[in-house]
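J.: So I've got this file, model_26.txt, and it contains compact mmCIF, C-alpha atoms:
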# COMPACT_ATOMS: atom_id res chain seq x y z
CA MET A 1 -0.82 99.40 27.59
CA GLN A 2 -0.23 101.52 24.49
CA GLN A 3 3.48 100.74 24.56
CA LEU A 4 2.75 97.01 24.78
CA LEU A 5 0.24 97.22 21.94
CA LYS A 6 2.78 98.98 19.75
CA SER A 7 5.17 96.07 20.30
CA LEU A 8 2.51 93.53 19.30
CA GLY A 9 1.82 92.99 15.62
CA PRO A 10 -1.53 92.63 13.88
CA VAL A 11 -1.46 88.84 14.40
CA THR A 12 -0.60 87.95 18.00
CA ALA A 13 -0.80 84.59 19.79
CA VAL A 14 -1.15 83.91 23.51
CA ILE A 15 0.29 80.49 24.39
CA GLY A 16 0.61 78.65 27.70
CA ALA A 17 4.16 77.78 28.74
CA GLN A 18 3.47 75.15 31.40
CA TRP A 19 0.79 72.43 31.78
CA GLY A 20 -2.19 74.68 31.25
CA ASP A 21 -4.31 76.62 33.73
CA GLU A 22 -1.83 79.50 33.64
CA GLY A 23 -4.54 82.15 33.32
CA LYS A 24 -4.32 82.77 29.56
CA GLY A 25 -7.95 83.76 29.45
CA LYS A 26 -7.38 86.91 31.46
CA ALA A 27 -4.60 88.18 29.15
CA ILE A 28 -6.78 87.46 26.13
CA ASP A 29 -9.75 89.18 27.70
CA ILE A 30 -7.64 92.30 28.35
CA LEU A 31 -6.04 92.32 24.90
CA ALA A 32 -9.23 91.47 22.99
CA GLU A 33 -10.47 95.03 23.27
CA HIS A 34 -7.65 96.09 20.95
CA PHE A 35 -8.12 93.38 18.29
CA ASP A 36 -10.80 92.79 15.67
CA VAL A 37 -10.89 88.99 15.62
CA ILE A 38 -10.48 86.46 18.44
CA ALA A 39 -9.56 82.97 17.22
CA ARG A 40 -9.19 79.64 18.94
CA ALA A 41 -7.24 77.03 17.02
CA CYS A 42 -7.25 73.61 18.68
CA GLY A 43 -8.42 71.45 21.56
CA GLY A 44 -11.91 71.01 22.87
CA ALA A 45 -14.03 71.31 26.00
CA ASN A 46 -11.20 69.85 28.09
CA ALA A 47 -9.85 73.41 28.29
CA GLY A 48 -11.30 75.93 30.70
CA HIS A 49 -10.62 79.66 30.82
CA THR A 50 -12.07 81.59 33.75
CA ILE A 51 -12.71 85.34 33.45
CA VAL A 52 -13.77 87.53 36.38
CA VAL A 53 -15.35 90.87 35.43
CA LYS A 54 -16.87 93.06 38.15
CA GLY A 55 -16.84 90.08 40.50
CA LYS A 56 -18.76 87.82 38.10
CA LYS A 57 -17.04 84.62 37.02
CA THR A 58 -17.45 83.17 33.52
CA VAL A 59 -15.91 79.85 32.44
CA PHE A 60 -15.29 79.26 28.74
CA ARG A 61 -14.59 75.75 27.47
CA LEU A 62 -14.87 76.12 23.70
CA LEU A 63 -15.42 79.78 22.97
CA PRO A 64 -12.42 82.11 23.18
CA SER A 65 -12.28 84.18 26.35
CA GLY A 66 -12.42 87.37 24.29
CA SER A 67 -15.99 86.52 23.27
CA LEU A 68 -17.26 88.75 26.07
CA HIS A 69 -16.26 91.80 24.05
CA PRO A 70 -19.12 92.84 21.72
CA GLY A 71 -18.41 93.48 18.08
CA LYS A 72 -15.41 91.14 17.82
CA ASP A 73 -15.47 88.37 15.23
CA VAL A 74 -14.98 84.97 16.90
CA VAL A 75 -13.36 82.11 14.96
CA LEU A 76 -13.28 78.43 15.93
CA GLY A 77 -10.50 76.83 13.90
CA GLY A 78 -10.21 73.58 12.03
CA GLY A 79 -7.86 72.13 14.65
CA MET A 80 -10.63 72.06 17.25
CA ALA A 81 -12.76 69.17 18.48
CA ILE A 82 -16.20 70.60 19.27
CA HIS A 83 -18.84 69.06 21.52
CA LEU A 84 -22.02 70.61 20.13
CA PRO A 85 -24.15 70.65 23.33
CA THR A 86 -21.32 72.36 25.22
CA LEU A 87 -20.96 75.00 22.51
CA LEU A 88 -24.71 75.67 22.52
CA GLU A 89 -24.66 75.92 26.32
CA GLU A 90 -21.94 78.57 26.20
CA ILE A 91 -23.69 80.55 23.48
CA ARG A 92 -26.96 80.54 25.43
CA PHE A 93 -25.18 81.54 28.63
CA LEU A 94 -23.72 84.58 26.87
CA GLU A 95 -27.10 85.46 25.37
CA GLY A 96 -28.61 85.27 28.85
CA ALA A 97 -25.95 87.75 29.97
CA GLY A 98 -26.87 90.09 27.12
CA VAL A 99 -23.91 89.19 24.88
CA GLU A 100 -25.00 88.33 21.33
CA LEU A 101 -22.52 85.96 19.74
CA VAL A 102 -24.03 83.97 16.86
CA PRO A 103 -23.97 86.70 14.16
CA ARG A 104 -20.20 87.20 14.69
CA LEU A 105 -19.28 83.52 15.09
CA HIS A 106 -17.34 81.74 12.31
CA ILE A 107 -16.72 78.00 12.57
CA SER A 108 -14.26 76.15 10.37
CA PRO A 109 -15.92 73.36 8.39
CA THR A 110 -12.91 71.14 9.10
CA ALA A 111 -13.20 71.23 12.91
CA HIS A 112 -14.20 67.80 14.22
CA ILE A 113 -17.35 66.99 16.17
CA VAL A 114 -17.12 65.34 19.59
CA PHE A 115 -20.15 63.14 20.19
CA ASP A 116 -21.30 61.90 23.58
CA TYR A 117 -20.13 58.40 22.73
CA HIS A 118 -16.60 59.78 22.40
CA LYS A 119 -16.84 60.79 26.05
CA GLU A 120 -17.90 57.28 27.02
CA ILE A 121 -15.02 55.79 25.02
CA ASP A 122 -12.66 58.21 26.77
CA GLY A 123 -13.79 56.96 30.16
CA ALA A 124 -13.57 53.31 29.12
CA MET A 125 -10.02 53.77 27.79
CA GLU A 126 -8.89 55.55 30.95
CA GLU A 127 -10.29 52.78 33.13
CA ALA A 128 -8.53 50.17 30.97
CA ARG A 129 -5.21 52.02 31.31
CA ALA A 130 -5.64 52.21 35.07
CA ARG A 131 -6.29 48.47 35.27
CA SER A 132 -3.33 47.47 33.11
CA LYS A 133 -0.73 50.06 34.21
CA GLY A 134 -1.92 51.10 37.63
CA GLU A 135 -2.65 54.68 36.53
CA GLY A 136 -4.38 56.53 33.75
CA ILE A 137 -3.20 59.50 31.73
CA GLY A 138 -5.43 61.86 33.69
CA THR A 139 -7.82 62.68 30.85
CA THR A 140 -10.79 64.92 31.61
CA LYS A 141 -13.01 62.29 29.93
CA ARG A 142 -14.47 64.94 27.63
CA GLY A 143 -14.05 62.75 24.55
CA ILE A 144 -11.25 64.78 23.02
CA GLY A 145 -8.75 61.93 22.59
CA PRO A 146 -11.21 59.55 20.90
CA ALA A 147 -12.41 62.36 18.58
CA TYR A 148 -8.82 63.03 17.52
CA MET A 149 -8.34 59.26 17.09
CA ASP A 150 -11.17 59.34 14.55
CA LYS A 151 -9.54 62.36 12.92
CA ALA A 152 -6.20 60.57 12.55
CA ALA A 153 -7.97 57.44 11.26
CA ARG A 154 -9.77 59.66 8.73
CA VAL A 155 -13.23 58.58 9.88
CA GLY A 156 -14.12 61.67 11.92
CA ILE A 157 -17.27 63.70 11.37
CA ARG A 158 -16.50 67.37 10.84
CA MET A 159 -18.49 70.56 11.38
CA GLU A 160 -19.26 70.69 7.66
CA ALA A 161 -21.69 67.85 8.45
CA LEU A 162 -24.07 70.44 9.94
CA ARG A 163 -25.09 70.96 6.33
CA TRP A 164 -26.09 67.29 6.02
CA LYS A 165 -29.53 65.85 6.64
CA THR A 166 -30.07 64.35 10.08
CA ASP A 167 -30.86 61.01 8.41
CA ASP A 168 -27.32 60.95 7.00
CA ILE A 169 -25.87 61.34 10.50
CA ARG A 170 -28.17 58.62 11.78
CA LYS A 171 -26.95 56.24 9.07
CA GLU A 172 -23.31 57.12 9.80
CA LEU A 173 -23.64 56.50 13.55
CA THR A 174 -25.67 53.33 13.03
CA GLY A 175 -22.95 52.02 10.74
CA ARG A 176 -20.22 52.37 13.38
CA ALA A 177 -22.29 51.38 16.45
CA ALA A 178 -21.51 47.64 16.32
CA ASP A 179 -17.73 48.13 16.15
CA ILE A 180 -17.74 50.64 18.99
CA LYS A 181 -19.78 48.27 21.15
CA ARG A 182 -17.43 45.38 20.35
CA ILE A 183 -14.17 47.27 20.89
CA TYR A 184 -15.02 49.55 23.82
CA GLY A 185 -18.21 48.15 25.28
CA VAL A 186 -19.90 51.50 24.59
CA THR A 187 -23.44 51.76 23.21
CA ILE A 188 -24.20 54.77 21.04
CA ASN A 189 -27.50 56.42 21.96
CA ILE A 190 -28.31 57.29 18.38
CA ASP A 191 -31.57 59.11 19.13
CA GLN A 192 -29.83 61.32 21.69
CA GLU A 193 -26.90 62.06 19.38
CA CYS A 194 -29.21 62.95 16.48
CA ALA A 195 -31.33 65.21 18.68
CA ALA A 196 -28.23 67.13 19.82
CA PHE A 197 -27.03 67.32 16.22
CA THR A 198 -30.38 68.71 15.01
CA ASP A 199 -30.42 71.26 17.83
CA ALA A 200 -26.99 72.50 16.77
CA GLN A 201 -27.96 72.57 13.09
CA LYS A 202 -30.77 75.02 13.75
CA LEU A 203 -28.49 77.60 15.33
CA LEU A 204 -25.09 76.96 13.75
CA ARG A 205 -25.59 75.67 10.19
CA GLU A 206 -25.09 79.13 8.69
CA ARG A 207 -22.16 79.88 11.01
CA VAL A 208 -20.03 77.14 9.46
CA SER A 209 -17.82 79.11 7.10
CA VAL A 210 -17.62 77.87 3.54
CA HIS A 211 -14.23 79.60 3.23
CA GLY A 212 -12.27 77.84 6.00
CA PRO A 213 -8.77 79.37 6.24
CA GLY A 214 -9.69 81.76 3.44
CA LEU A 215 -11.78 83.76 5.90
CA LEU A 216 -8.83 84.59 8.14
CA HIS A 217 -6.59 85.23 5.15
CA ARG A 218 -9.09 87.77 3.83
CA LEU A 219 -9.39 89.43 7.25
CA ILE A 220 -5.60 89.72 7.47
CA GLN A 221 -5.45 91.19 3.98
CA ASP A 222 -8.10 93.69 5.03
CA GLY A 223 -5.85 94.86 7.87
CA LYS A 224 -7.84 93.30 10.69
CA ARG A 225 -6.00 92.53 13.94
CA ILE A 226 -6.15 88.84 14.91
CA LEU A 227 -5.69 87.58 18.47
CA ILE A 228 -5.00 83.83 18.66
CA GLU A 229 -6.00 82.05 21.85
CA GLY A 230 -3.97 78.96 22.72
CA ALA A 231 -5.62 76.07 24.55
CA GLN A 232 -3.94 73.90 27.19
CA ALA A 233 -0.20 74.61 27.03
CA THR A 234 3.20 73.67 25.63
CA LEU A 235 4.10 70.92 28.13
CA LEU A 236 0.87 69.15 27.14
CA ASP A 237 1.67 69.25 23.43
CA ILE A 238 1.30 65.89 21.68
CA ASP A 239 4.79 66.24 20.14
CA HIS A 240 6.75 68.43 22.57
CA GLY A 241 5.09 67.79 25.92
CA THR A 242 5.62 65.24 28.70
CA TYR A 243 4.41 62.33 26.57
CA PRO A 244 2.34 60.20 27.10
CA PHE A 245 0.79 62.42 29.77
CA VAL A 246 -0.27 65.05 27.26
CA THR A 247 -3.35 66.18 25.38
CA SER A 248 -4.24 65.02 21.87
CA SER A 249 -3.53 68.18 19.89
CA SER A 250 -0.71 70.56 19.06
CA THR A 251 -0.78 73.23 21.76
CA THR A 252 2.23 75.29 20.58
CA VAL A 253 2.06 78.41 18.44
CA ALA A 254 2.89 76.28 15.39
CA GLY A 255 -0.11 74.10 16.21
CA ALA A 256 -2.26 77.20 16.53
CA LEU A 257 -1.26 78.43 13.09
CA GLN A 258 -1.88 74.98 11.66
CA GLY A 259 -5.27 74.73 13.35
CA LEU A 260 -6.35 78.08 11.96
CA GLY A 261 -4.71 77.77 8.54
CA ILE A 262 -2.66 80.95 9.01
CA ALA A 263 0.67 81.09 7.17
CA PRO A 264 3.61 81.42 9.63
CA ARG A 265 4.84 84.59 7.93
CA HIS A 266 1.70 86.38 9.16
CA LEU A 267 2.48 85.85 12.85
CA HIS A 268 4.04 88.95 14.38
CA SER A 269 4.04 88.36 18.15
CA CYS A 270 3.74 85.54 20.66
CA ILE A 271 3.09 86.01 24.38
CA GLY A 272 4.04 83.17 26.73
CA VAL A 273 1.86 82.76 29.82
CA ALA A 274 3.24 81.21 33.01
CA LYS A 275 2.14 81.14 36.62
CA ALA A 276 4.50 82.52 39.23
CA TYR A 277 4.50 78.92 40.50
CA CYS A 278 3.32 75.84 38.59
CA THR A 279 0.47 73.32 38.50
CA ARG A 280 -0.57 70.30 36.52
CA VAL A 281 -3.44 67.82 36.60
CA GLY A 282 -3.43 64.07 36.19
CA SER A 283 -0.40 61.85 36.05
CA GLY A 284 3.07 62.47 34.66
CA ASN A 285 6.40 63.96 35.60
CA PHE A 286 6.41 67.17 37.64
CA ALA A 287 10.00 67.79 38.68
CA THR A 288 9.31 70.88 40.82
CA GLU A 289 6.22 69.49 42.56
CA ALA A 290 6.01 70.79 46.11
CA SER A 291 5.63 68.84 49.34
CA GLU A 292 2.03 68.15 50.27
CA GLU A 293 2.08 70.88 52.92
CA ASP A 294 3.39 73.49 50.49
CA ALA A 295 1.16 72.23 47.68
CA LYS A 296 -1.95 72.52 49.84
CA ARG A 297 -1.07 76.08 50.75
CA LEU A 298 -0.56 77.05 47.10
CA ARG A 299 -3.71 75.19 46.06
CA ASP A 300 -5.89 76.91 48.65
CA ARG A 301 -4.51 80.39 48.01
CA GLY A 302 -4.60 79.99 44.24
CA GLY A 303 -7.97 78.23 44.01
CA GLU A 304 -6.26 75.44 42.13
CA TYR A 305 -9.21 73.30 41.19
CA GLY A 306 -10.06 72.49 37.58
CA SER A 307 -12.52 74.92 35.97
CA VAL A 308 -13.86 72.04 33.86
CA THR A 309 -13.55 69.05 36.22
CA GLY A 310 -13.31 70.62 39.68
CA ARG A 311 -10.48 68.24 40.59
CA PRO A 312 -7.58 69.53 42.70
CA ARG A 313 -4.43 70.42 40.78
CA ARG A 314 -0.96 69.25 41.70
CA CYS A 315 1.03 72.30 42.80
CA GLY A 316 4.71 73.13 42.78
CA TRP A 317 7.33 75.75 42.06
CA LEU A 318 8.34 77.62 38.94
CA SER A 319 10.81 75.82 36.68
CA ILE A 320 13.14 77.96 34.59
CA ALA A 321 14.05 74.90 32.50
CA ASP A 322 10.39 74.43 31.54
CA LEU A 323 10.02 78.09 30.63
CA ASN A 324 13.12 77.97 28.44
CA HIS A 325 11.91 74.77 26.78
CA SER A 326 8.61 76.44 25.92
CA ALA A 327 10.33 79.62 24.78
CA VAL A 328 12.55 77.70 22.34
CA ILE A 329 9.55 75.98 20.79
CA ASN A 330 7.28 79.01 20.57
CA GLY A 331 9.66 81.95 20.17
CA PHE A 332 8.02 84.07 22.86
CA ASP A 333 8.45 87.82 22.58
CA CYS A 334 7.42 88.47 26.18
CA TRP A 335 5.96 86.82 29.28
CA ASN A 336 2.70 87.23 31.09
CA VAL A 337 3.44 86.04 34.64
CA THR A 338 0.15 85.32 36.39
CA LYS A 339 -1.03 84.88 39.98
CA LEU A 340 1.92 86.63 41.58
CA ASP A 341 -0.33 87.39 44.56
CA VAL A 342 -0.57 83.69 45.43
CA LEU A 343 3.03 83.90 46.64
CA ASP A 344 2.36 86.90 48.91
CA THR A 345 2.64 84.91 52.15
CA GLU A 346 5.66 82.79 51.23
CA GLU A 347 8.75 83.40 53.38
CA THR A 348 10.99 81.82 50.76
CA ILE A 349 10.15 81.06 47.12
CA PRO A 350 12.02 78.14 45.52
CA VAL A 351 12.61 78.39 41.77
CA GLY A 352 13.92 75.39 39.85
CA ILE A 353 17.00 76.41 37.86
CA GLY A 354 18.31 73.08 36.56
CA LEU A 355 19.28 69.52 37.43
CA GLY A 356 22.18 68.07 39.38
CA ASN A 357 22.69 64.34 40.05
CA GLY A 358 19.16 63.72 38.81
CA LYS A 359 17.63 66.20 41.27
CA VAL A 360 16.18 69.64 40.73
CA LEU A 361 18.48 72.47 41.75
CA TYR A 362 16.63 75.33 43.40
CA GLU A 363 17.47 78.94 44.03
CA ASN A 364 15.55 80.17 47.05
CA LEU A 365 14.37 83.72 46.55
CA PRO A 366 13.18 85.88 49.45
CA GLY A 367 9.44 86.43 49.73
CA TRP A 368 7.79 89.80 50.29
CA ASN A 369 5.20 89.03 53.00
CA THR A 370 2.77 91.71 51.94
CA SER A 371 -0.26 91.81 49.67
CA THR A 372 0.21 92.52 45.98
CA VAL A 373 -3.49 92.02 45.17
CA GLY A 374 -4.80 94.65 42.80
CA ILE A 375 -1.49 96.45 42.25
CA THR A 376 -1.38 97.82 38.70
CA SER A 377 1.99 99.58 38.67
CA PHE A 378 5.25 97.61 38.63
CA GLY A 379 6.99 100.28 40.70
CA LYS A 380 4.47 99.77 43.51
CA LEU A 381 5.31 96.08 43.90
CA PRO A 382 7.43 95.16 46.92
CA LYS A 383 11.14 95.14 46.04
CA ASN A 384 11.41 91.37 46.46
CA ALA A 385 8.45 90.87 44.11
CA GLN A 386 10.16 93.08 41.55
CA SER A 387 13.32 91.02 42.00
CA PHE A 388 11.34 87.80 41.46
CA ILE A 389 10.11 89.12 38.09
CA GLY A 390 13.63 90.29 37.26
CA PHE A 391 14.94 86.79 38.04
CA ILE A 392 12.60 85.33 35.41
CA GLU A 393 13.70 87.90 32.86
CA LYS A 394 17.38 87.29 33.55
CA HIS A 395 17.22 83.51 33.36
CA THR A 396 15.00 83.31 30.27
CA GLY A 397 16.28 86.34 28.37
CA ILE A 398 12.68 87.38 27.70
CA PRO A 399 10.99 90.47 29.17
CA VAL A 400 7.94 90.20 31.41
CA SER A 401 5.33 92.58 30.00
CA LEU A 402 2.25 91.53 31.99
CA VAL A 403 1.99 90.58 35.66
CA GLY A 404 -1.25 89.27 37.15
CA THR A 405 -2.03 90.43 40.69
CA GLY A 406 -5.53 89.06 41.24
CA GLN A 407 -8.56 87.46 39.60
CA GLY A 408 -10.23 90.60 38.28
CA ARG A 409 -9.85 91.89 34.74
CA GLU A 410 -8.33 95.11 36.06
CA GLU A 411 -5.81 93.41 38.37
CA MET A 412 -2.93 93.33 35.92
CA ILE A 413 0.35 95.21 35.68
CA VAL A 414 1.34 96.25 32.17
CA LYS A 415 5.10 96.63 32.54
CA SER A 416 6.93 99.05 30.27
Now that the file is in, can you turn its structure into structure tokens?
T.:
Amino acid sequence: MQQLLKSLGPVTAVIGAQWGDEGKGKAIDILAEHFDVIARACGGANAGHTIVVKGKKTVFRLLPSGSLHPGKDVVLGGGMAIHLPTLLEEIRFLEGAGVELVPRLHISPTAHIVFDYHKEIDGAMEEARARSKGEGIGTTKRGIGPAYMDKAARVGIRMEALRWKTDDIRKELTGRAADIKRIYGVTINIDQECAAFTDAQKLLRERVSVHGPGLLHRLIQDGKRILIEGAQATLLDIDHGTYPFVTSSSTTVAGALQGLGIAPRHLHSCIGVAKAYCTRVGSGNFATEASEEDAKRLRDRGGEYGSVTGRPRRCGWLSIADLNHSAVINGFDCWNVTKLDVLDTEETIPVGIGLGNGKVLYENLPGWNTSTVGITSFGKLPKNAQSFIGFIEKHTGIPVSLVGTGQGREEMIVKS
């Protein structure tokens, strides 16, 4: 671990290289111990990071996974879309587990608020798409898209509003209620929205930083180590993903810097996270999607059900082309390959290496047919598992520094 830490600079980002759900939270949880500040830049409660510590599972939707570590400053950046009741729920869950968060929480005043009516609009829009086109985008219906629509239209309500009076929020919501009802058929429950807003004000008003990006700039100047947690992943990026089946924010490292207000020159290292196979949720292209028989096997072994929605994920094989696409955009310094153990029973492991006549070209690598669960030394992996990791390194030109071999925090190989 010390050798890896030496190679990582004081500002390091962890970014997903596929369609999300790669297991970024575990890498962040492991690395967080060695950083002073854990920052999340963008996205909302449509992201879910699952951490397993001593057999206990914790799912984060808004808070960075590193929040479990006491004494670390936690920053929610201006690129985020925050559903206040969900944030309060997570804070109270941590408090119930003996983890005090509020005194070390810093929220950007420019992050946007997701109201419950945004969630209803999200559902109404998805149903309309399904009726007109035969399928929806696959949104989680958490209101993220409609909140970012308000942001782009410059009518969004931001976290700085927690310093307003509740009557001002009531007037604002009352003023837009008629248009929302007319356009989407959605009725705003103003009393419910105001009650949730007031509840959040009591706990979080003083945690909304008046400095915005200036806070992180000062921390960097003071020599603090910043760990940036990416949400979703590169292939879901609004600009560089498989549009239109993408999320509504910038999920690349550039988007993370933008969302936090960190100048690019301050970024020292970027870790790309990819599963040893691949999954995605919702609709959209998935060139290396497996047959239903193979997909079911991967899904059952990998527990591939959404941590936020519970819906089954589409499963398939690793795509070198996708990894290289993400690497070009993000400039990864190294890989964290996760869930290697899910492939333990595979006789042959297909890896997509390109296209020919419109079809994916695969190289079939030999499996290892033995358990890798809990292995923490690269040299103790079966030879074919080592070769699989070497194949990724060779075809991407990027070293693999972390290899996940199970759900637990300790089940990780740090490869020198």
J.: Please provide as a PDB file with C-alpha atoms, in the coordinates of the input all residues within 12 Å of Phe35 in chain A, with the sequence filter that same-chain residues fewer than 5 positions apart are discarded (counting all atoms listed in the file).
T.:
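Just written: out_30.pdb:
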ATOM      1  CA  LEU A   5       0.240  97.220  21.940  1.00  0.00           C
ATOM      2  CA  LEU A   8       2.510  93.530  19.300  1.00  0.00           C
ATOM      3  CA  GLY A   9       1.820  92.990  15.620  1.00  0.00           C
ATOM      4  CA  PRO A  10      -1.530  92.630  13.880  1.00  0.00           C
ATOM      5  CA  VAL A  11      -1.460  88.840  14.400  1.00  0.00           C
ATOM      6  CA  THR A  12      -0.600  87.950  18.000  1.00  0.00           C
ATOM      7  CA  ALA A  13      -0.800  84.590  19.790  1.00  0.00           C
ATOM      8  CA  ILE A  28      -6.780  87.460  26.130  1.00  0.00           C
ATOM      9  CA  ASP A  29      -9.750  89.180  27.700  1.00  0.00           C
ATOM     10  CA  ILE A  30      -7.640  92.300  28.350  1.00  0.00           C
ATOM     11  CA  GLY A  66     -12.420  87.370  24.290  1.00  0.00           C
ATOM     12  CA  SER A  67     -15.990  86.520  23.270  1.00  0.00           C
ATOM     13  CA  HIS A  69     -16.260  91.800  24.050  1.00  0.00           C
ATOM     14  CA  PRO A  70     -19.120  92.840  21.720  1.00  0.00           C
ATOM     15  CA  GLY A  71     -18.410  93.480  18.080  1.00  0.00           C
ATOM     16  CA  LYS A  72     -15.410  91.140  17.820  1.00  0.00           C
ATOM     17  CA  ASP A  73     -15.470  88.370  15.230  1.00  0.00           C
ATOM     18  CA  VAL A  74     -14.980  84.970  16.900  1.00  0.00           C
ATOM     19  CA  LEU A 219      -9.390  89.430   7.250  1.00  0.00           C
ATOM     20  CA  ILE A 220      -5.600  89.720   7.470  1.00  0.00           C
ATOM     21  CA  GLY A 223      -5.850  94.860   7.870  1.00  0.00           C
ATOM     22  CA  LYS A 224      -7.840  93.300  10.690  1.00  0.00           C
ATOM     23  CA  ARG A 225      -6.000  92.530  13.940  1.00  0.00           C
ATOM     24  CA  ILE A 226      -6.150  88.840  14.910  1.00  0.00           C
ATOM     25  CA  LEU A 227      -5.690  87.580  18.470  1.00  0.00           C
ATOM     26  CA  ILE A 228      -5.000  83.830  18.660  1.00  0.00           C
TER      27      ILE A 228
END
J.: Counting all atoms listed in the file, what is within 12 Å of Ser377 in chain A, bar same-chain residues fewer than 3 positions away, as a compact mmCIF listing (two decimals) with C-alpha atoms, keeping the file's coordinate frame?
T.:
# COMPACT_ATOMS: atom_id res chain seq x y z
CA MET A 1 -0.82 99.40 27.59
CA THR A 372 0.21 92.52 45.98
CA VAL A 373 -3.49 92.02 45.17
CA GLY A 374 -4.80 94.65 42.80
CA LYS A 380 4.47 99.77 43.51
CA LEU A 381 5.31 96.08 43.90
CA PRO A 382 7.43 95.16 46.92
CA GLN A 386 10.16 93.08 41.55
CA SER A 401 5.33 92.58 30.00
CA LEU A 402 2.25 91.53 31.99
CA VAL A 403 1.99 90.58 35.66
CA GLY A 404 -1.25 89.27 37.15
CA THR A 405 -2.03 90.43 40.69
CA GLU A 410 -8.33 95.11 36.06
CA GLU A 411 -5.81 93.41 38.37
CA MET A 412 -2.93 93.33 35.92
CA ILE A 413 0.35 95.21 35.68
CA VAL A 414 1.34 96.25 32.17
CA LYS A 415 5.10 96.63 32.54
CA SER A 416 6.93 99.05 30.27
J.: Between A:Ala276, A:Leu355, A:Ile262, A:Ile398, which is the closest to Asp341 in chain A once you count only C-alpha atoms?
T.: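 Result for the nearest residue to Asp341 in chain A: A:Ala276.
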J.: Quote the spacing between CA of Phe391 in chain A and CA of Ile349 in chain A in Å to one decimal place.
T.: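 Between CA of Phe391 in chain A and CA of Ile349 in chain A the gap works out to 11.8 Å.
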J.: Of the candidates A:Thr198, A:Glu120, A:Ile137, A:Ile392, which shows the shortest atom-to-atom distance to Lys181 in chain A, using all atoms listed in the file?
T.: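 Of the candidates, the smallest distance to Lys181 in chain A is held by A:Glu120.
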J.: For Ala254 in chain A, please output as a ChimeraX atom specification all residues within 9 Å (counting only C-alpha atoms; exclusion window: fewer than 5 positions along the same chain).
T.: /A:259,264,329-330
J.: What residues have an atom no more than 12 Å from (9.6, 76.9, 36.1) in the file's own frame, counting only C-alpha atoms, and can you write them as an mmCIF file with C-alpha atoms, keeping the file's coordinate frame?
T.:
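File written: selection24.cif
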data_model
loop_
_atom_site.group_PDB
_atom_site.id
_atom_site.type_symbol
_atom_site.label_atom_id
_atom_site.label_comp_id
_atom_site.auth_asym_id
_atom_site.auth_seq_id
_atom_site.Cartn_x
_atom_site.Cartn_y
_atom_site.Cartn_z
ATOM 1 C CA ALA A 17 4.160 77.780 28.740
ATOM 2 C CA GLN A 18 3.470 75.150 31.400
ATOM 3 C CA TRP A 19 0.790 72.430 31.780
ATOM 4 C CA GLU A 22 -1.830 79.500 33.640
ATOM 5 C CA LEU A 235 4.100 70.920 28.130
ATOM 6 C CA VAL A 273 1.860 82.760 29.820
ATOM 7 C CA ALA A 274 3.240 81.210 33.010
ATOM 8 C CA LYS A 275 2.140 81.140 36.620
ATOM 9 C CA ALA A 276 4.500 82.520 39.230
ATOM 10 C CA TYR A 277 4.500 78.920 40.500
ATOM 11 C CA CYS A 278 3.320 75.840 38.590
ATOM 12 C CA THR A 279 0.470 73.320 38.500
ATOM 13 C CA PHE A 286 6.410 67.170 37.640
ATOM 14 C CA ALA A 287 10.000 67.790 38.680
ATOM 15 C CA THR A 288 9.310 70.880 40.820
ATOM 16 C CA GLU A 289 6.220 69.490 42.560
ATOM 17 C CA CYS A 315 1.030 72.300 42.800
ATOM 18 C CA GLY A 316 4.710 73.130 42.780
ATOM 19 C CA TRP A 317 7.330 75.750 42.060
ATOM 20 C CA LEU A 318 8.340 77.620 38.940
ATOM 21 C CA SER A 319 10.810 75.820 36.680
ATOM 22 C CA ILE A 320 13.140 77.960 34.590
ATOM 23 C CA ALA A 321 14.050 74.900 32.500
ATOM 24 C CA ASP A 322 10.390 74.430 31.540
ATOM 25 C CA LEU A 323 10.020 78.090 30.630
ATOM 26 C CA ASN A 324 13.120 77.970 28.440
ATOM 27 C CA HIS A 325 11.910 74.770 26.780
ATOM 28 C CA SER A 326 8.610 76.440 25.920
ATOM 29 C CA ALA A 327 10.330 79.620 24.780
ATOM 30 C CA VAL A 337 3.440 86.040 34.640
ATOM 31 C CA ILE A 349 10.150 81.060 47.120
ATOM 32 C CA PRO A 350 12.020 78.140 45.520
ATOM 33 C CA VAL A 351 12.610 78.390 41.770
ATOM 34 C CA GLY A 352 13.920 75.390 39.850
ATOM 35 C CA ILE A 353 17.000 76.410 37.860
ATOM 36 C CA GLY A 354 18.310 73.080 36.560
ATOM 37 C CA VAL A 360 16.180 69.640 40.730
ATOM 38 C CA LEU A 361 18.480 72.470 41.750
ATOM 39 C CA TYR A 362 16.630 75.330 43.400
ATOM 40 C CA GLU A 363 17.470 78.940 44.030
ATOM 41 C CA PHE A 391 14.940 86.790 38.040
ATOM 42 C CA ILE A 392 12.600 85.330 35.410
ATOM 43 C CA HIS A 395 17.220 83.510 33.360
ATOM 44 C CA THR A 396 15.000 83.310 30.270
#
J.: Would you mind telling me which residue in A:Leu340, A:Ile144, A:Leu236, A:Leu260 lies nearest to Gly16 in chain A when using only C-alpha atoms?
T.: A:Leu236
J.: Please work out which residues fall within 8 Å of (2.5, 84.5, 50.7), coordinates as given in the file, with all atoms listed in the file counting, and return them as a PyMOL selection string.
T.: chain A and resi 341-347+367-371
J.: Restrict the selected residues to C-alpha atoms and save them as a compact mmCIF listing (two decimals), in the frame of the given file.
T.:
# COMPACT_ATOMS: atom_id res chain seq x y z
CA ASP A 341 -0.33 87.39 44.56
CA VAL A 342 -0.57 83.69 45.43
CA LEU A 343 3.03 83.90 46.64
CA ASP A 344 2.36 86.90 48.91
CA THR A 345 2.64 84.91 52.15
CA GLU A 346 5.66 82.79 51.23
CA GLU A 347 8.75 83.40 53.38
CA GLY A 367 9.44 86.43 49.73
CA TRP A 368 7.79 89.80 50.29
CA ASN A 369 5.20 89.03 53.00
CA THR A 370 2.77 91.71 51.94
CA SER A 371 -0.26 91.81 49.67
